[in-house]
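First up is the structure itself, then whatever we jot down about it.
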Amino acid sequence: MRDVALVLHVVAGVVAVVFGPLAIVLTLRRHGLTWAGEVYHWAIALVCLTALVLVPYDWSQLWVFWPISVATYLFVYLGQRAAEAPGGLWYRGVLRGYGGGWIALWTAIVVVSLPHQAWSWVIPIVVGSAVVEWLCFKPSPDWTHEAQPGN
């Protein structure tokens, strides 16, 4: 079971890393949920589910990934909900949701890759959060106007 979960976890993680930025860009451009957003959502769901399966195998080292997995999925779910009902400041939900999930994904990758560097988790969180918040408060004019039919 552990080996199957680990393989699914890695494959879904690679898909999520690739589709995260694509989901953000296409969703913001099209003013609504896109196929890339759906792929990203389900890839993150699988990453989080398999993380929940893997954590008990080494609870003392991996317990922190249990709440992180739940929070990561909730971020992406927030982005998905914002994409499904654009209006007002919808792009902030997409950026913070999809972007927050992508930041959490990269944070987990860095923490697992550099386990003896306690500070390593700070870099993706600080840099990623700064970029997301900057985009939230300096949005592209295209995100704040209604999409034209056929676009």
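Within each chain, counting starts at residue 1; across the structure tokens, chains are named A, B, ... in the order shown, with ligands numbered 1 upward in that order.
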- Query: Near A:Val127, counting only C-alpha atoms, which residues have an atom at most 12 Å away, once you skip same-chain residues fewer than 6 positions from it, shown as a PyMOL selection string?
  - Reply: chain A and resi 99-100+103-104+106-107+120-121+133-134
- Fewer than 4 positions away in the same chain doesn't count, so skip those; otherwise give me all residues within 8 Å of A:Leu8, counting only C-alpha atoms, as a PyMOL selection string. chain A and resi 4+12+46-47+50
Convert the current residue selection to file output with N, CA, C and O atoms, as a short mmCIF file (atom, residue, chain, number, x, y, z; two decimals), in the first residue's frame.
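Written out: again.cif:
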```cif
data_model
loop_
_atom_site.label_atom_id
_atom_site.label_comp_id
_atom_site.auth_asym_id
_atom_site.auth_seq_id
_atom_site.Cartn_x
_atom_site.Cartn_y
_atom_site.Cartn_z
N VAL A 4 2.45 2.00 -3.49
CA VAL A 4 1.44 2.50 -4.44
C VAL A 4 1.11 3.95 -4.12
O VAL A 4 1.06 4.80 -5.01
N ALA A 12 1.21 12.59 -9.01
CA ALA A 12 0.23 13.67 -8.84
C ALA A 12 0.93 14.98 -8.50
O ALA A 12 0.52 16.05 -8.95
N LEU A 46 -5.32 14.40 -5.10
CA LEU A 46 -4.61 13.12 -5.01
C LEU A 46 -3.33 13.25 -4.20
O LEU A 46 -3.00 12.37 -3.40
N VAL A 47 -2.61 14.35 -4.37
CA VAL A 47 -1.40 14.58 -3.57
C VAL A 47 -1.75 14.60 -2.08
O VAL A 47 -1.09 13.95 -1.26
N THR A 50 -2.98 11.06 -0.82
CA THR A 50 -1.88 10.12 -0.66
C THR A 50 -0.95 10.54 0.48
O THR A 50 -0.38 9.68 1.16
#
```
- Query: So how far away is atom CA of A:Trp59 from atom CA of A:Trp102, in Å?
  - Reply: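 Those two atoms sit 24.0 Å apart.
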- Skipping near chain neighbours, those fewer than 5 positions away, what residues fall within 10 Å of A:Met1 using only C-alpha atoms, listed as JSON, numbers by chain? {"A": [6, 53, 54]}
With C-alpha atoms retained, could you export that selection as a short mmCIF file (atom, residue, chain, number, x, y, z; two decimals), in the first residue's frame?
```cif
data_model
loop_
_atom_site.label_atom_id
_atom_site.label_comp_id
_atom_site.auth_asym_id
_atom_site.auth_seq_id
_atom_site.Cartn_x
_atom_site.Cartn_y
_atom_site.Cartn_z
CA LEU A 6 4.12 6.94 -2.84
CA VAL A 53 -2.06 7.72 3.62
CA LEU A 54 1.74 8.07 3.85
#
```
- Message: Between A:Val10, A:His116, A:Val110, A:Tyr77, which residue has the minimum interatomic distance to A:Arg96, considering only C-alpha atoms?
- Response: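 Between A:Val10, A:His116, A:Val110, A:Tyr77, the residue approaching A:Arg96 most closely is A:Tyr77.
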- Item | Nearest to A:His9 by atom-to-atom distance, counting only C-alpha atoms, from A:Ala118, A:Leu26, A:Leu33, A:Cys48 |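 Counting only C-alpha atoms, the residue closest to A:His9 is A:Cys48.
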- From the set A:Ala82, A:Val17, A:Leu62, A:Val55, which residue has the shortest atom-to-atom contact distance to A:Gly32, counting only C-alpha atoms?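 Looking only at the distances to A:Gly32, the closest residue turns out to be A:Ala82.
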- Task: Using only C-alpha atoms, find the one residue out of A:Ser113, A:Gly37, A:Pro56, A:Tyr98 that sits nearest to A:Gly128.
- Result: A:Tyr98
- Query: What residues in stretch 48-114 of chain A get the DSSP label alpha helix (DSSP H)? Please answer as a ChimeraX atom specification.
  - Reply: /A:48-54,59-62,65-84,90-113
- Item | Among listed residues A:Ala23, A:Leu28, A:Val111, A:Ala71, nearest A:Arg92 (using only C-alpha atoms) | A:Leu28
- Could you tell me how far atom CA of A:Ala108 lies from atom CA of A:Val122, in Å and to one decimal?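 So the two atoms, atom CA of A:Ala108 and atom CA of A:Val122, lie 11.0 Å apart.
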- Which residue, A:His31, A:Tyr40, A:Val18, A:Ile109, has the smallest gap to A:Ile125 when you use only C-alpha atoms? A:Ile109
- Task: For A:Val25, list every protein, DNA or RNA residue within 12 Å, evaluated using only C-alpha atoms, and leave out those in the same chain fewer than 3 positions away; present the list as JSON, numbers by chain.
- Result: {"A": [19, 20, 21, 22, 28, 29, 30, 31, 32, 33, 34, 35, 36, 37, 83, 91, 94, 95, 98, 99, 135, 140, 142, 143]}
